[in-house]
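Novice: Sharing data-v8.cif below, mmCIF, C-alpha atoms:
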data_coords
#
loop_
_atom_site.label_atom_id
_atom_site.label_comp_id
_atom_site.auth_asym_id
_atom_site.auth_seq_id
_atom_site.Cartn_x
_atom_site.Cartn_y
_atom_site.Cartn_z
CA MET M 98 -27.47 45.39 137.31
CA LEU M 99 -28.92 42.12 136.03
CA LYS M 100 -32.29 43.82 135.46
CA LYS M 101 -30.66 46.53 133.34
CA PHE M 102 -28.78 43.91 131.31
CA LEU M 103 -31.98 41.94 130.61
CA THR M 104 -33.82 45.09 129.62
CA PHE M 105 -31.00 46.07 127.27
CA SER M 106 -30.92 42.56 125.74
CA ILE M 107 -34.67 42.56 125.10
CA CYS M 108 -34.46 45.96 123.43
CA CYS M 109 -31.63 44.77 121.20
CA VAL M 110 -33.56 41.66 120.10
CA PHE M 111 -36.68 43.73 119.40
CA SER M 112 -34.70 46.29 117.39
CA LEU M 113 -33.02 43.53 115.39
CA SER M 114 -36.38 41.98 114.53
CA LEU M 115 -37.51 45.28 113.07
CA CYS M 116 -34.46 45.40 110.83
CA LEU M 117 -35.02 41.93 109.40
CA PRO M 118 -36.82 41.75 106.05
CA VAL M 119 -40.45 40.64 106.06
CA LEU M 120 -40.70 36.97 105.21
CA ALA M 121 -42.82 36.26 102.16
CA GLN M 122 -43.35 33.53 99.64
CA THR M 123 -40.02 32.88 97.99
CA VAL M 124 -38.82 31.09 94.90
CA PRO M 125 -36.95 27.84 95.73
CA SER M 126 -33.19 28.21 95.35
CA ASP M 127 -32.92 25.32 92.87
CA VAL M 128 -35.52 26.97 90.61
CA GLU M 129 -33.77 30.32 90.81
CA ASN M 130 -30.39 28.75 89.99
CA ALA M 131 -31.87 26.93 86.99
CA ILE M 132 -33.40 30.15 85.66
CA LYS M 133 -30.10 32.01 86.13
CA GLN M 134 -28.36 29.40 84.00
CA ASP M 135 -31.07 29.53 81.35
CA LEU M 136 -30.95 33.32 81.36
CA GLU M 137 -27.34 33.20 80.19
CA LYS M 138 -28.40 31.02 77.26
CA SER M 139 -31.39 33.28 76.52
CA GLU M 140 -29.45 36.47 75.84
CA LYS M 141 -30.37 36.35 72.15
CA LYS M 142 -34.05 36.19 73.06
CA ILE M 143 -33.62 39.19 75.33
CA SER M 144 -31.80 41.11 72.61
CA LYS M 145 -34.69 40.41 70.26
CA LEU M 146 -37.14 41.76 72.84
CA ILE M 147 -35.11 44.92 73.25
CA ASN M 148 -34.89 45.48 69.51
CA MET M 149 -38.68 45.18 69.31
CA ASP M 150 -39.16 47.71 72.13
CA THR M 151 -38.54 51.27 70.92
CA ASN M 152 -38.26 52.47 74.53
CA LYS M 153 -35.11 50.39 75.02
CA LYS M 154 -33.06 51.24 71.95
CA SER M 155 -30.55 52.97 74.25
CA ILE M 156 -29.63 49.60 75.87
CA GLN M 157 -26.74 47.84 74.17
CA ALA M 158 -28.34 44.53 73.26
CA ASP M 159 -24.99 42.91 72.44
CA ASN M 160 -23.52 43.20 75.95
CA LEU M 161 -26.44 42.81 78.31
CA ASN M 162 -25.05 40.40 80.91
CA PRO M 163 -28.64 40.06 82.21
CA SER M 164 -29.32 39.20 85.82
CA LEU M 165 -32.32 38.27 87.95
CA GLU M 166 -33.72 40.80 90.37
CA ALA M 167 -36.82 40.19 92.51
CA SER M 168 -38.79 36.99 91.96
CA TYR M 169 -42.30 35.89 92.94
CA PRO M 170 -44.59 32.87 92.81
CA ILE M 171 -47.56 33.79 90.59
CA TYR M 172 -51.17 32.66 90.64
CA PHE M 173 -54.13 32.37 88.29
CA LEU M 174 -57.70 33.16 89.26
CA THR M 175 -60.23 30.35 89.77
CA VAL M 176 -63.59 32.06 90.13
CA ASP M 177 -65.88 29.31 88.87
CA SER M 178 -66.99 28.22 92.36
CA ASP M 179 -70.56 29.20 93.28
CA THR M 180 -69.76 30.67 96.67
CA TYR M 181 -67.01 32.88 98.00
CA ASN M 182 -64.50 31.25 100.33
CA SER M 183 -62.42 33.34 102.71
CA ASP M 184 -59.41 31.10 102.04
CA ILE M 185 -57.64 32.96 99.24
CA ASP M 186 -56.09 29.76 97.89
CA ASN M 187 -59.59 28.48 97.15
CA ASN M 188 -59.85 31.19 94.50
CA LEU M 189 -56.26 31.16 93.32
CA GLU M 190 -54.17 28.52 91.56
CA PHE M 191 -50.37 28.42 91.65
CA ASN M 192 -48.99 28.76 88.13
CA GLY M 193 -45.21 29.18 88.35
CA TYR M 194 -42.72 31.96 88.99
CA LEU M 195 -42.00 35.47 87.71
CA PHE M 196 -38.50 36.98 87.62
CA GLU M 197 -37.57 40.61 87.08
CA VAL M 198 -34.67 40.85 84.62
CA ALA M 199 -32.14 43.71 84.51
CA ALA M 200 -29.21 44.55 82.26
CA GLU M 201 -25.68 44.93 83.58
CA ASP M 202 -26.12 48.70 83.86
CA GLY M 203 -29.20 48.20 86.05
CA SER M 204 -31.71 49.01 83.30
CA ASN M 205 -35.00 47.18 83.70
CA ILE M 206 -35.44 44.81 80.74
CA GLY M 207 -38.70 43.11 81.66
CA VAL M 208 -39.89 39.88 83.27
CA ALA M 209 -39.35 36.17 82.64
CA PHE M 210 -41.66 33.27 83.48
CA THR M 211 -41.30 29.58 84.22
CA ASP M 212 -43.95 26.96 84.96
CA LYS M 213 -44.54 23.27 85.57
CA SER M 214 -44.54 22.44 81.84
CA VAL M 215 -40.73 22.56 82.03
CA ASN M 216 -40.52 21.50 85.67
CA TYR M 217 -39.61 25.10 86.58
CA SER M 218 -36.16 24.55 85.07
CA GLU M 219 -36.11 27.05 82.19
CA ILE M 220 -37.68 30.23 80.89
CA VAL M 221 -40.91 29.59 79.02
CA GLN M 222 -41.80 33.19 78.23
CA MET M 223 -40.30 36.68 78.40
CA SER M 224 -42.04 40.04 78.32
CA THR M 225 -40.99 43.68 78.17
CA ASP M 226 -43.22 44.43 81.15
CA THR M 227 -40.84 47.06 82.50
CA ASN M 228 -43.51 48.73 84.63
CA PHE M 229 -43.98 45.68 86.84
CA SER M 230 -41.22 46.53 89.32
CA SER M 231 -42.49 50.02 90.19
CA GLN M 232 -46.12 48.88 90.17
CA MET M 233 -45.37 46.02 92.55
CA ALA M 234 -43.55 48.39 94.90
CA GLU M 235 -46.56 50.70 94.98
CA ALA M 236 -48.95 47.79 95.61
CA LYS M 237 -46.83 46.67 98.57
CA THR M 238 -47.16 50.11 100.16
CA LEU M 239 -50.95 49.97 99.71
CA VAL M 240 -51.76 46.55 101.19
CA GLY M 241 -48.50 45.34 102.71
CA TYR M 242 -46.50 42.24 101.91
CA ASN M 243 -46.02 39.18 104.10
CA GLU M 244 -45.59 35.40 104.00
CA ASN M 245 -49.25 34.95 103.00
CA SER M 246 -49.27 37.48 100.15
CA ARG M 247 -50.12 36.26 96.65
CA LEU M 248 -49.27 37.83 93.29
CA ILE M 249 -51.96 37.35 90.65
CA TYR M 250 -50.57 37.58 87.11
CA ASP M 251 -53.45 36.33 85.00
CA LEU M 252 -53.66 37.72 81.47
CA ALA M 253 -56.70 35.56 80.65
CA TYR M 254 -58.73 37.56 83.17
CA ARG M 255 -56.64 40.69 82.46
CA VAL M 256 -55.65 41.02 86.11
CA VAL M 257 -52.30 41.78 87.74
CA ALA M 258 -52.80 42.29 91.47
CA LEU M 259 -51.29 41.79 94.92
CA VAL M 260 -53.38 39.99 97.54
CA THR M 261 -52.37 40.36 101.20
CA PRO M 262 -54.23 38.94 104.23
CA GLN M 263 -54.35 41.37 107.13
CA GLU M 264 -55.52 40.98 110.73
CA ASP M 265 -59.24 41.16 110.04
CA SER M 266 -59.52 41.15 106.24
CA VAL M 267 -57.89 40.28 102.94
CA LYS M 268 -56.99 43.22 100.72
CA VAL M 269 -56.25 43.42 97.00
CA ALA M 270 -54.27 46.16 95.23
CA LEU M 271 -54.42 46.39 91.44
CA LEU M 272 -51.04 46.93 89.77
CA ARG M 273 -52.77 48.21 86.64
CA ASP M 274 -56.20 48.96 85.23
CA SER M 275 -58.48 46.06 84.38
CA LYS M 276 -61.29 47.79 82.50
CA HIS M 277 -62.72 44.42 81.49
CA ASN M 278 -63.48 43.82 85.18
CA SER M 279 -64.16 47.47 86.15
CA LEU M 280 -61.04 47.46 88.35
CA ASN M 281 -58.74 50.47 88.62
CA GLN M 282 -54.96 50.74 89.03
CA TYR M 283 -53.82 51.15 92.65
CA ALA M 284 -57.38 50.84 93.91
CA VAL M 285 -57.70 48.67 97.04
CA TYR M 286 -60.55 46.14 97.31
CA ASP M 287 -61.73 43.62 99.86
CA PHE M 288 -60.93 40.19 98.46
CA GLU M 289 -64.58 39.11 98.47
CA ASP M 290 -65.65 42.19 96.49
CA PHE M 291 -62.75 41.67 94.12
CA ILE M 292 -63.72 38.06 93.37
CA ASN M 293 -67.38 39.00 92.93
CA MET M 294 -66.47 41.73 90.44
CA ILE M 295 -64.44 39.20 88.45
CA LYS M 296 -67.38 36.78 88.48
CA ILE M 297 -69.86 39.43 87.33
CA ALA M 298 -67.59 40.47 84.46
CA GLU M 299 -67.07 36.84 83.42
CA GLU M 300 -70.81 36.08 83.50
CA LYS M 301 -71.45 39.16 81.36
CA ARG M 302 -68.84 38.04 78.86
CA ILE M 303 -70.39 34.57 78.61
CA GLN M 304 -73.87 36.05 78.12
CA GLU M 305 -72.62 38.30 75.35
CA ALA M 306 -70.90 35.36 73.66
CA THR M 307 -74.09 33.26 73.72
CA GLN M 308 -76.63 35.97 72.93
CA PHE M 309 -77.30 34.56 69.44
CA ASP M 310 -80.04 31.90 69.26
CA THR M 311 -78.97 28.99 67.02
CA ASN M 312 -82.56 28.74 65.72
CA GLU M 313 -82.43 32.30 64.42
CA PRO M 314 -80.79 33.09 61.06
CA LEU M 315 -77.43 34.81 61.43
CA SER M 316 -76.13 37.53 59.17
CA GLY M 317 -75.50 36.10 55.73
CA GLY M 318 -77.55 32.97 56.47
CA SER M 319 -77.01 30.13 58.89
CA VAL M 320 -77.01 26.34 58.76
CA GLY M 321 -78.92 26.47 62.04
CA THR M 322 -81.99 28.02 60.38
CA THR M 323 -85.08 25.81 60.78
CA SER M 324 -87.69 28.23 59.43
CA ASN M 325 -90.10 26.99 56.72
CA ASP M 326 -88.91 29.94 54.64
CA SER M 327 -86.22 27.63 53.31
CA SER M 328 -88.77 25.43 51.44
CA PRO M 329 -89.23 27.75 48.40
CA SER M 330 -85.59 27.30 47.51
CA TYR M 331 -86.10 23.55 47.13
CA THR M 332 -89.30 24.10 45.04
CA ASN M 333 -87.50 26.49 42.71
CA ALA M 334 -84.66 24.04 42.27
CA PHE M 335 -87.15 21.30 41.34
CA LEU M 336 -88.85 23.50 38.73
CA VAL M 337 -85.55 24.54 37.16
CA GLY M 338 -84.46 20.94 36.96
CA SER M 339 -87.71 19.84 35.33
CA VAL M 340 -87.56 22.59 32.68
CA THR M 341 -83.92 21.74 31.93
CA VAL M 342 -84.74 18.06 31.38
CA ALA M 343 -87.67 18.98 29.09
CA LEU M 344 -85.51 21.30 26.97
CA VAL M 345 -82.79 18.68 26.62
CA GLY M 346 -85.44 16.17 25.53
CA ILE M 347 -86.91 18.52 22.90
CA ILE M 348 -83.48 19.34 21.48
CA ALA M 349 -82.57 15.66 21.31
CA PHE M 350 -85.87 14.90 19.52
CA LEU M 351 -85.31 17.66 16.95
CA LEU M 352 -81.79 16.53 16.23
CA PHE M 353 -82.95 12.95 15.83
CA ARG M 354 -85.77 13.95 13.45
CA ASN M 355 -83.44 16.14 11.41
CA SER M 356 -81.03 13.26 10.97
CA LYS M 357 -83.88 11.05 9.75
CA LYS M 358 -84.79 13.54 7.01
CA HIS M 359 -81.24 13.54 5.66
CA THR M 360 -81.18 9.78 5.51
#
Would you mind writing the structure in this file as structure tokens?

Specialist:
Amino acid sequence: MLKKFLTFSICCVFSLSLCLPVLAQTVPSDVENAIKQDLEKSEKKISKLINMDTNKKSIQADNLNPSLEASYPIYFLTVDSDTYNSDIDNNLEFNGYLFEVAAEDGSNIGVAFTDKSVNYSEIVQMSTDTNFSSQMAEAKTLVGYNENSRLIYDLAYRVVALVTPQEDSVKVALLRDSKHNSLNQYAVYDFEDFINMIKIAEEKRIQEATQFDTNEPLSGGSVGTTSNDSSPSYTNAFLVGSVTVALVGIIAFLLFRNSKKHT
């Protein structure tokens, strides 16, 4: 009887564990409460966003009663190190929090951001990124989501992606296309390959930005030109100046002589 009871108890505990939500990085409660309060004061900003977005004209901007939905810590990319490091936090930098915002009727309004510049106590930016919620859900199905997952939301590198460490690898799912980095929406990459692709794209961008030699004349002329071809311009200027002085002298002499005759 005791054996059956223990077996039943173990099964119950195991079943309960499956029903519990997967733990993941969460936004601190004090930050979330501060953003909720600021959201109430930001309703005019939200209304302005809606009025600018033609896809949301059906939402009544005057009676939004906005609320926070899912929220995530967000990270920037740091790919300037020479070598890849398997620790994902070596290539990512925490940058604040993202909050999904919905209207009272459940309509997706967009996302709000906060960062350390305001001590994570108020909204610093809002966006009508209404596709984020569905894209994030799809990314979770592709690579999973756990306490070590990281959300990259880095517009400087044009990357929005979910990074999730797994048993023997770290996987990355792109929430949207990043043509600048040759990365495709909902494609799954090994983290090392992902970082290397970002590095290659960044190096290419830098090379393109510095392809002009400062010693070569640019279109329309350049102050950086050091060619001897510039010397004729100084010679011509000298000749013009000399002729001008001579003419002025002749005219002055004629006027002076003419005045003498009259006297």

Novice: Would you please work out which residue, of M:Ile220, M:Leu161, M:Ala209, M:Ile185, is nearest to Ile292 (chain M) when using all atoms listed in the file?

Specialist: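 Selected residue with least distance to Ile292 (chain M): M:Ile185.
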
Novice: Using only C-alpha atoms - which residues lie no farther than 12 Å from the point (-28.9, 28.9, 84.5) in the file's frame? Write them as a ChimeraX atom specification.

Specialist: /M:126-140,163-165,217-220

Novice: Using the chain letters and numbers from the file, which residues does the PyMOL selection byres ((chain M and resi 196-205) around 12) grab, as a PyMOL selection string?

Specialist: chain M and resi 123-124+128-130+132-133+136-137+139-140+143-144+147+152-171+193-195+206-212+217+219-231+233

Novice: Go through M:Val176, M:Ala270, M:Leu189, M:Ile303 and flag the residue nearest Glu235 (chain M), using all atoms listed in the file for the distances.

Specialist: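 When distances to Glu235 (chain M) are compared using all atoms listed in the file, the smallest one comes from M:Ala270.
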
Novice: Report the residues retrieved by the PyMOL selection byres ((chain M and resi 256) around 12) from the displayed file, expressed as a PyMOL selection string.

Specialist: chain M and resi 171-174+248-255+257-260+269-282+291-292+294-295
